[in-house]
$ cat protein19.cif   # mmCIF, C-alpha atoms
data_upload
#
loop_
_atom_site.label_atom_id
_atom_site.label_comp_id
_atom_site.auth_asym_id
_atom_site.auth_seq_id
_atom_site.Cartn_x
_atom_site.Cartn_y
_atom_site.Cartn_z
CA MET A 30 -64.19 -35.73 241.26
CA SER A 31 -64.06 -33.95 237.88
CA ALA A 32 -63.32 -30.26 237.45
CA ARG A 33 -66.12 -27.90 238.38
CA ILE A 34 -68.81 -26.77 235.91
CA LEU A 35 -70.33 -23.31 236.29
CA ILE A 36 -74.08 -23.33 235.59
CA MET A 37 -75.46 -19.89 234.80
CA GLY A 38 -79.14 -19.78 235.73
CA ALA A 39 -79.15 -22.83 237.99
CA THR A 40 -82.35 -22.29 239.96
CA SER A 41 -85.01 -22.81 237.31
CA GLY A 42 -85.89 -24.40 233.99
CA ILE A 43 -83.09 -26.00 232.03
CA GLY A 44 -80.47 -24.73 234.48
CA ARG A 45 -81.97 -26.65 237.39
CA CYS A 46 -82.22 -29.76 235.21
CA VAL A 47 -78.54 -29.36 234.30
CA MET A 48 -77.62 -29.20 237.97
CA GLU A 49 -79.59 -32.37 238.68
CA GLU A 50 -78.10 -34.14 235.65
CA ALA A 51 -74.53 -33.21 236.58
CA VAL A 52 -74.93 -34.21 240.21
CA GLY A 53 -76.47 -37.51 239.08
CA ARG A 54 -73.18 -38.14 237.26
CA ARG A 55 -71.18 -37.16 240.36
CA LEU A 56 -69.88 -33.99 238.72
CA SER A 57 -69.00 -30.95 240.79
CA VAL A 58 -70.98 -27.80 239.95
CA ARG A 59 -71.09 -24.16 240.93
CA ALA A 60 -74.73 -23.08 240.74
CA PHE A 61 -74.95 -19.39 239.79
CA ALA A 62 -78.17 -17.40 240.14
CA ARG A 63 -79.55 -14.39 241.97
CA SER A 64 -81.63 -16.83 244.00
CA ALA A 65 -78.89 -19.42 244.49
CA ASP A 66 -79.32 -19.13 248.26
CA THR A 67 -82.42 -21.33 247.79
CA ILE A 68 -80.21 -24.23 246.67
CA GLU A 69 -79.07 -26.72 249.30
CA PRO A 70 -75.26 -26.99 249.22
CA SER A 71 -73.63 -30.40 249.15
CA ASP A 72 -70.29 -32.01 248.43
CA LEU A 73 -71.07 -31.60 244.71
CA ILE A 74 -73.07 -28.35 244.65
CA GLU A 75 -71.71 -24.92 245.52
CA PRO A 76 -74.50 -22.32 245.38
CA PHE A 77 -73.22 -18.95 244.16
CA VAL A 78 -75.43 -15.89 244.54
CA GLY A 79 -74.70 -13.36 241.84
CA ASP A 80 -75.92 -11.07 239.11
CA ALA A 81 -74.94 -12.23 235.62
CA ARG A 82 -74.71 -8.60 234.49
CA ASN A 83 -72.10 -7.84 237.17
CA PRO A 84 -68.52 -8.45 235.93
CA ASN A 85 -67.16 -8.91 239.46
CA ASP A 86 -69.75 -11.56 240.32
CA VAL A 87 -69.07 -13.42 237.08
CA ALA A 88 -65.29 -13.18 237.51
CA ASN A 89 -65.52 -14.62 241.02
CA ALA A 90 -67.84 -17.40 239.85
CA LEU A 91 -65.36 -18.45 237.14
CA PHE A 92 -62.52 -19.07 239.57
CA GLY A 93 -61.54 -22.74 239.48
CA VAL A 94 -64.02 -23.89 236.82
CA HIS A 95 -63.17 -25.54 233.51
CA ALA A 96 -66.46 -25.09 231.62
CA VAL A 97 -69.60 -22.95 231.63
CA ILE A 98 -73.15 -23.97 230.78
CA TYR A 99 -75.25 -20.87 230.09
CA ALA A 100 -78.95 -21.48 230.72
CA LEU A 101 -80.29 -18.07 231.74
CA GLY A 102 -83.91 -17.39 230.88
CA ILE A 103 -86.58 -14.75 231.34
CA THR A 104 -89.97 -14.86 233.02
CA GLU A 105 -92.69 -14.81 230.40
CA ARG A 106 -94.78 -11.67 230.72
CA VAL A 107 -97.16 -9.64 228.60
CA SER A 108 -94.77 -6.69 228.46
CA MET A 109 -92.20 -8.72 226.53
CA LEU A 110 -94.43 -8.10 223.50
CA TRP A 111 -93.27 -4.46 223.38
CA GLU A 112 -90.30 -4.10 225.74
CA THR A 113 -86.80 -4.37 224.32
CA GLU A 114 -84.98 -7.36 225.84
CA THR A 115 -81.26 -7.14 226.55
CA LEU A 116 -80.60 -9.81 229.20
CA PHE A 117 -79.12 -12.40 226.86
CA SER A 118 -76.72 -10.11 225.00
CA GLU A 119 -75.68 -8.13 228.09
CA THR A 120 -74.95 -11.17 230.25
CA THR A 121 -73.20 -12.97 227.39
CA ARG A 122 -70.97 -9.96 226.72
CA VAL A 123 -69.96 -9.92 230.39
CA LEU A 124 -69.44 -13.68 230.46
CA LEU A 125 -67.31 -13.80 227.31
CA ASP A 126 -65.10 -11.00 228.58
CA GLN A 127 -64.59 -12.61 231.97
CA MET A 128 -64.04 -16.09 230.52
CA ALA A 129 -61.26 -14.71 228.35
CA LYS A 130 -59.65 -13.06 231.36
CA ALA A 131 -59.99 -16.22 233.45
CA GLU A 132 -58.72 -18.41 230.58
CA VAL A 133 -61.83 -20.60 230.75
CA ALA A 134 -62.36 -21.70 227.15
CA ARG A 135 -65.38 -24.03 227.11
CA LEU A 136 -68.87 -22.54 226.79
CA VAL A 137 -72.09 -24.42 226.07
CA ALA A 138 -74.89 -21.88 225.63
CA VAL A 139 -78.63 -22.49 225.35
CA THR A 140 -80.53 -20.16 223.06
CA GLY A 141 -83.59 -21.53 221.23
CA PHE A 142 -85.03 -22.70 217.94
CA GLY A 143 -85.69 -19.59 215.89
CA ALA A 144 -82.55 -17.77 217.01
CA GLY A 145 -79.68 -17.04 214.68
CA ARG A 146 -79.38 -19.26 211.62
CA SER A 147 -82.20 -21.53 212.74
CA LYS A 148 -84.77 -18.83 211.90
CA SER A 149 -84.46 -19.87 208.27
CA ALA A 150 -85.57 -23.42 209.17
CA MET A 151 -89.01 -22.20 210.28
CA SER A 152 -92.03 -22.16 208.00
CA TRP A 153 -93.54 -18.75 207.28
CA VAL A 154 -96.41 -19.61 209.67
CA GLU A 155 -93.95 -20.48 212.44
CA ARG A 156 -91.92 -17.33 211.79
CA ALA A 157 -95.00 -15.11 211.88
CA GLY A 158 -96.26 -16.53 215.17
CA HIS A 159 -92.81 -16.61 216.71
CA ARG A 160 -92.09 -13.01 215.74
CA ALA A 161 -95.44 -11.83 217.10
CA VAL A 162 -94.97 -13.40 220.54
CA LEU A 163 -91.22 -13.83 221.03
CA GLY A 164 -89.80 -11.33 218.56
CA ARG A 165 -88.07 -9.06 221.06
CA PRO A 166 -86.49 -11.76 223.26
CA TYR A 167 -85.31 -13.63 220.18
CA ALA A 168 -83.87 -10.49 218.63
CA ASP A 169 -81.65 -10.40 221.71
CA LYS A 170 -80.84 -14.09 221.34
CA ASP A 171 -79.72 -13.23 217.79
CA ARG A 172 -77.35 -10.64 219.26
CA GLN A 173 -76.21 -13.18 221.85
CA GLU A 174 -75.41 -15.81 219.25
CA ALA A 175 -73.44 -13.31 217.18
CA LEU A 176 -71.30 -12.44 220.20
CA ILE A 177 -70.61 -16.10 220.90
CA THR A 178 -69.72 -17.06 217.33
CA GLU A 179 -67.37 -14.09 217.04
CA SER A 180 -65.51 -15.10 220.21
CA ALA A 181 -62.35 -17.21 220.37
CA LEU A 182 -63.88 -19.63 222.89
CA ASP A 183 -64.61 -23.33 222.39
CA TRP A 184 -68.32 -22.64 222.16
CA THR A 185 -71.38 -24.73 221.36
CA ILE A 186 -74.74 -23.06 220.69
CA VAL A 187 -77.67 -25.28 221.61
CA ARG A 188 -81.17 -24.54 220.33
CA PRO A 189 -83.88 -26.68 221.90
CA VAL A 190 -87.25 -26.77 220.17
CA ILE A 191 -90.46 -26.32 222.21
CA LEU A 192 -89.73 -27.28 225.82
CA THR A 193 -91.82 -29.64 227.94
CA ARG A 194 -91.77 -30.88 231.52
CA GLY A 195 -91.57 -34.46 230.30
CA ALA A 196 -89.28 -37.20 231.52
CA ARG A 197 -85.58 -37.32 230.77
CA SER A 198 -84.73 -39.32 227.69
CA GLU A 199 -81.49 -40.06 225.89
CA ARG A 200 -83.38 -40.78 222.66
CA TYR A 201 -83.47 -37.24 221.36
CA ARG A 202 -81.96 -35.97 218.13
CA VAL A 203 -78.96 -33.67 217.87
CA LEU A 204 -79.53 -31.97 214.52
CA ARG A 205 -76.16 -30.74 213.32
CA ASP A 206 -76.88 -30.26 209.63
CA ALA A 207 -78.91 -27.09 208.99
CA SER A 208 -80.91 -28.93 206.32
CA SER A 209 -82.29 -31.24 209.05
CA TRP A 210 -83.37 -28.49 211.46
CA ARG A 211 -87.06 -28.61 212.36
CA ASN A 212 -89.43 -27.68 215.15
CA GLY A 213 -90.93 -30.13 217.64
CA LEU A 214 -90.91 -30.95 221.35
CA ILE A 215 -88.21 -31.89 223.83
CA SER A 216 -88.12 -32.09 227.61
CA ARG A 217 -85.90 -29.79 229.64
CA ALA A 218 -84.37 -32.85 231.31
CA SER A 219 -83.37 -34.27 227.91
CA VAL A 220 -81.78 -30.95 226.96
CA ALA A 221 -79.82 -31.08 230.22
CA HIS A 222 -78.53 -34.53 229.33
CA TYR A 223 -77.08 -33.20 226.09
CA LEU A 224 -75.58 -30.11 227.73
CA VAL A 225 -73.65 -32.17 230.27
CA ASP A 226 -72.59 -34.63 227.57
CA ALA A 227 -71.30 -31.71 225.49
CA VAL A 228 -69.08 -30.59 228.37
CA GLU A 229 -67.92 -34.04 229.43
CA GLN A 230 -67.18 -35.27 225.92
CA ASP A 231 -66.09 -32.00 224.26
CA MET A 232 -68.87 -32.45 221.71
CA ASP A 233 -69.80 -30.08 218.89
CA ILE A 234 -67.13 -27.46 219.53
CA ARG A 235 -67.74 -24.30 217.47
CA LEU A 236 -71.00 -25.73 216.15
CA ASP A 237 -74.62 -24.64 216.50
CA VAL A 238 -77.10 -27.50 216.89
CA VAL A 239 -80.85 -27.97 217.27
CA LEU A 240 -82.23 -30.47 219.80
CA ALA A 241 -85.52 -32.26 219.13
CA GLN A 242 -87.16 -35.45 220.36
#

$ encode --input "protein19.cif" --output "structure tokens"
Amino acid sequence: MSARILIMGATSGIGRCVMEEAVGRRLSVRAFARSADTIEPSDLIEPFVGDARNPNDVANALFGVHAVIYALGITERVSMLWETETLFSETTRVLLDQMAKAEVARLVAVTGFGAGRSKSAMSWVERAGHRAVLGRPYADKDRQEALITESALDWTIVRPVILTRGARSERYRVLRDASSWRNGLISRASVAHYLVDAVEQDMDIRLDVVLAQ
């Protein structure tokens, strides 16, 4: 059995798909979430109930792992149009600090197309619509990406385009050159495939990529 992977945000969305992808490869995972008690434990899955903003919870979750896949998300709600979002930057600041203390170097973090440098790859129409609906969450993803890139970790920033519930495919594109970045669709299961590949194969260290079908 390979060394354990810590999945932050393992009970929903991309995080759940990552757990399923890793277990399908017979990889051992620690599944971190506030609702992790809803996950059935197995010989490959260790549910870990915790708050990603709590340094003690994160420190305990990092014990014995060799890599972290960050896939925390927020519940879409009307109030995100005007409320300041801080989840991504706050939890990332805690995680980076605790990873340094635990000497866990590998981090693969999911943000999204339109965060950080990828904002410049959007058309003005895309930027206007994105800013109107997702401006505040993505402002926090900008802060999150800055924290990651300034860290000394072996990080990879992964920006999926528009997510779907479609089938898993290995025929997606990993857009590494900023000149090739574009919007589109990709399934959460396909994103999960890349995330586990990135950990297993030490891919794209200290790079930011866009994933599209």

$ resolve_selection --input "protein19.cif" --expression "the PyMOL selection byres ((chain A and resi 73) around 8)" --output "list in words"
Val52, Arg55, Leu56, Ser57, Val58, Pro70, Ser71, Asp72, Ile74 and Glu75 of chain A

$ atom_distance --input "protein19.cif" --atom1 "CA of Asp183 (chain A)" --atom2 "CA of Leu35 (chain A)"
15.0 Å

$ atom_distance --input "protein19.cif" --atom1 "CA of His222 (chain A)" --atom2 "CA of Thr178 (chain A)"
23.0 Å

$ resolve_selection --input "protein19.cif" --expression "the PyMOL selection byres ((chain A and resi 240) around 6)" --output "count of residues only"
5

$ closest_residue --input "protein19.cif" --among "A:Ala81, A:Met151, A:Ala134, A:Val139" --to "Glu119 (chain A)" --atoms "all atoms listed in the file"
A:Ala81

$ closest_residue --input "protein19.cif" --among "A:Ile36, A:Glu49, A:Ala227, A:Glu114" --to "Phe77 (chain A)" --atoms "all atoms listed in the file"
A:Ile36

$ closest_residue --input "protein19.cif" --among "A:Gly102, A:Pro166, A:Gly53, A:Gly38" --to "Pro76 (chain A)" --atoms "all atoms listed in the file"
A:Gly38

$ closest_residue --input "protein19.cif" --among "A:Arg122, A:Arg135, A:Lys130, A:Arg197" --to "Val94 (chain A)" --atoms "all atoms listed in the file"
A:Arg135

$ closest_residue --input "protein19.cif" --among "A:Ala88, A:Val187, A:Leu192, A:Met48" --to "Glu69 (chain A)" --atoms "only C-alpha atoms"
A:Met48

$ atom_distance --input "protein19.cif" --atom1 "CA of Val78 (chain A)" --atom2 "CA of Ser64 (chain A)"
6.3 Å

$ residues_near_point --input "protein19.cif" --point "(-90.5, -27.0, 229.4)" --cutoff "9 Å" --atoms "all atoms listed in the file" --output "list in words"
Gly42, Ile43, Ile191, Leu192, Thr193, Arg194, Gly195, Leu214, Ile215, Ser216, Arg217 and Ala218 of chain A

$ write_last_selection --input "protein19.cif" --atoms "C-alpha atoms" --output "PDB file, keeping the file's coordinate frame"
ATOM      1  CA  GLY A  42     -85.890 -24.400 233.990  1.00  0.00           C
ATOM      2  CA  ILE A  43     -83.090 -26.000 232.030  1.00  0.00           C
ATOM      3  CA  ILE A 191     -90.460 -26.320 222.210  1.00  0.00           C
ATOM      4  CA  LEU A 192     -89.730 -27.280 225.820  1.00  0.00           C
ATOM      5  CA  THR A 193     -91.820 -29.640 227.940  1.00  0.00           C
ATOM      6  CA  ARG A 194     -91.770 -30.880 231.520  1.00  0.00           C
ATOM      7  CA  GLY A 195     -91.570 -34.460 230.300  1.00  0.00           C
ATOM      8  CA  LEU A 214     -90.910 -30.950 221.350  1.00  0.00           C
ATOM      9  CA  ILE A 215     -88.210 -31.890 223.830  1.00  0.00           C
ATOM     10  CA  SER A 216     -88.120 -32.090 227.610  1.00  0.00           C
ATOM     11  CA  ARG A 217     -85.900 -29.790 229.640  1.00  0.00           C
ATOM     12  CA  ALA A 218     -84.370 -32.850 231.310  1.00  0.00           C
TER      13      ALA A 218
END

$ resolve_selection --input "protein19.cif" --expression "the PyMOL selection byres ((chain A and resi 101) around 10)" --output "PDB file with C-alpha atoms, in the frame of the given file"
ATOM      1  CA  ILE A  36     -74.080 -23.330 235.590  1.00  0.00           C
ATOM      2  CA  MET A  37     -75.460 -19.890 234.800  1.00  0.00           C
ATOM      3  CA  GLY A  38     -79.140 -19.780 235.730  1.00  0.00           C
ATOM      4  CA  ALA A  39     -79.150 -22.830 237.990  1.00  0.00           C
ATOM      5  CA  THR A  40     -82.350 -22.290 239.960  1.00  0.00           C
ATOM      6  CA  SER A  41     -85.010 -22.810 237.310  1.00  0.00           C
ATOM      7  CA  GLY A  42     -85.890 -24.400 233.990  1.00  0.00           C
ATOM      8  CA  ILE A  43     -83.090 -26.000 232.030  1.00  0.00           C
ATOM      9  CA  GLY A  44     -80.470 -24.730 234.480  1.00  0.00           C
ATOM     10  CA  PHE A  61     -74.950 -19.390 239.790  1.00  0.00           C
ATOM     11  CA  ALA A  62     -78.170 -17.400 240.140  1.00  0.00           C
ATOM     12  CA  ALA A  81     -74.940 -12.230 235.620  1.00  0.00           C
ATOM     13  CA  ILE A  98     -73.150 -23.970 230.780  1.00  0.00           C
ATOM     14  CA  TYR A  99     -75.250 -20.870 230.090  1.00  0.00           C
ATOM     15  CA  ALA A 100     -78.950 -21.480 230.720  1.00  0.00           C
ATOM     16  CA  GLY A 102     -83.910 -17.390 230.880  1.00  0.00           C
ATOM     17  CA  ILE A 103     -86.580 -14.750 231.340  1.00  0.00           C
ATOM     18  CA  LEU A 116     -80.600  -9.810 229.200  1.00  0.00           C
ATOM     19  CA  PHE A 117     -79.120 -12.400 226.860  1.00  0.00           C
ATOM     20  CA  THR A 120     -74.950 -11.170 230.250  1.00  0.00           C
ATOM     21  CA  THR A 121     -73.200 -12.970 227.390  1.00  0.00           C
ATOM     22  CA  ALA A 138     -74.890 -21.880 225.630  1.00  0.00           C
ATOM     23  CA  VAL A 139     -78.630 -22.490 225.350  1.00  0.00           C
ATOM     24  CA  THR A 140     -80.530 -20.160 223.060  1.00  0.00           C
TER      25      THR A 140
END

$ residues_around --input "protein19.cif" --residues "Gly93 (chain A)" --least-positions-apart "4" --cutoff "10 Å" --atoms "all atoms listed in the file" --output "list in words"
Ala32, Arg33, Ile34, Leu35, Arg59, Asn89, Ala131 and Val133 of chain A

$ closest_residue --input "protein19.cif" --among "A:Trp184, A:Tyr167, A:Phe92, A:Tyr201" --to "Val137 (chain A)" --atoms "all atoms listed in the file"
A:Trp184

$ residues_around --input "protein19.cif" --residues "Ser149 (chain A)" --least-positions-apart "4" --cutoff "12 Å" --atoms "all atoms listed in the file" --output "PyMOL selection string"
chain A and resi 142-145+153+155-156+207-212

$ residues_near_point --input "protein19.cif" --point "(-68.1, -33.1, 230.5)" --cutoff "9 Å" --atoms "only C-alpha atoms" --output "VMD selection string"
chain A and resid 31 to 32 34 51 56 96 224 to 232
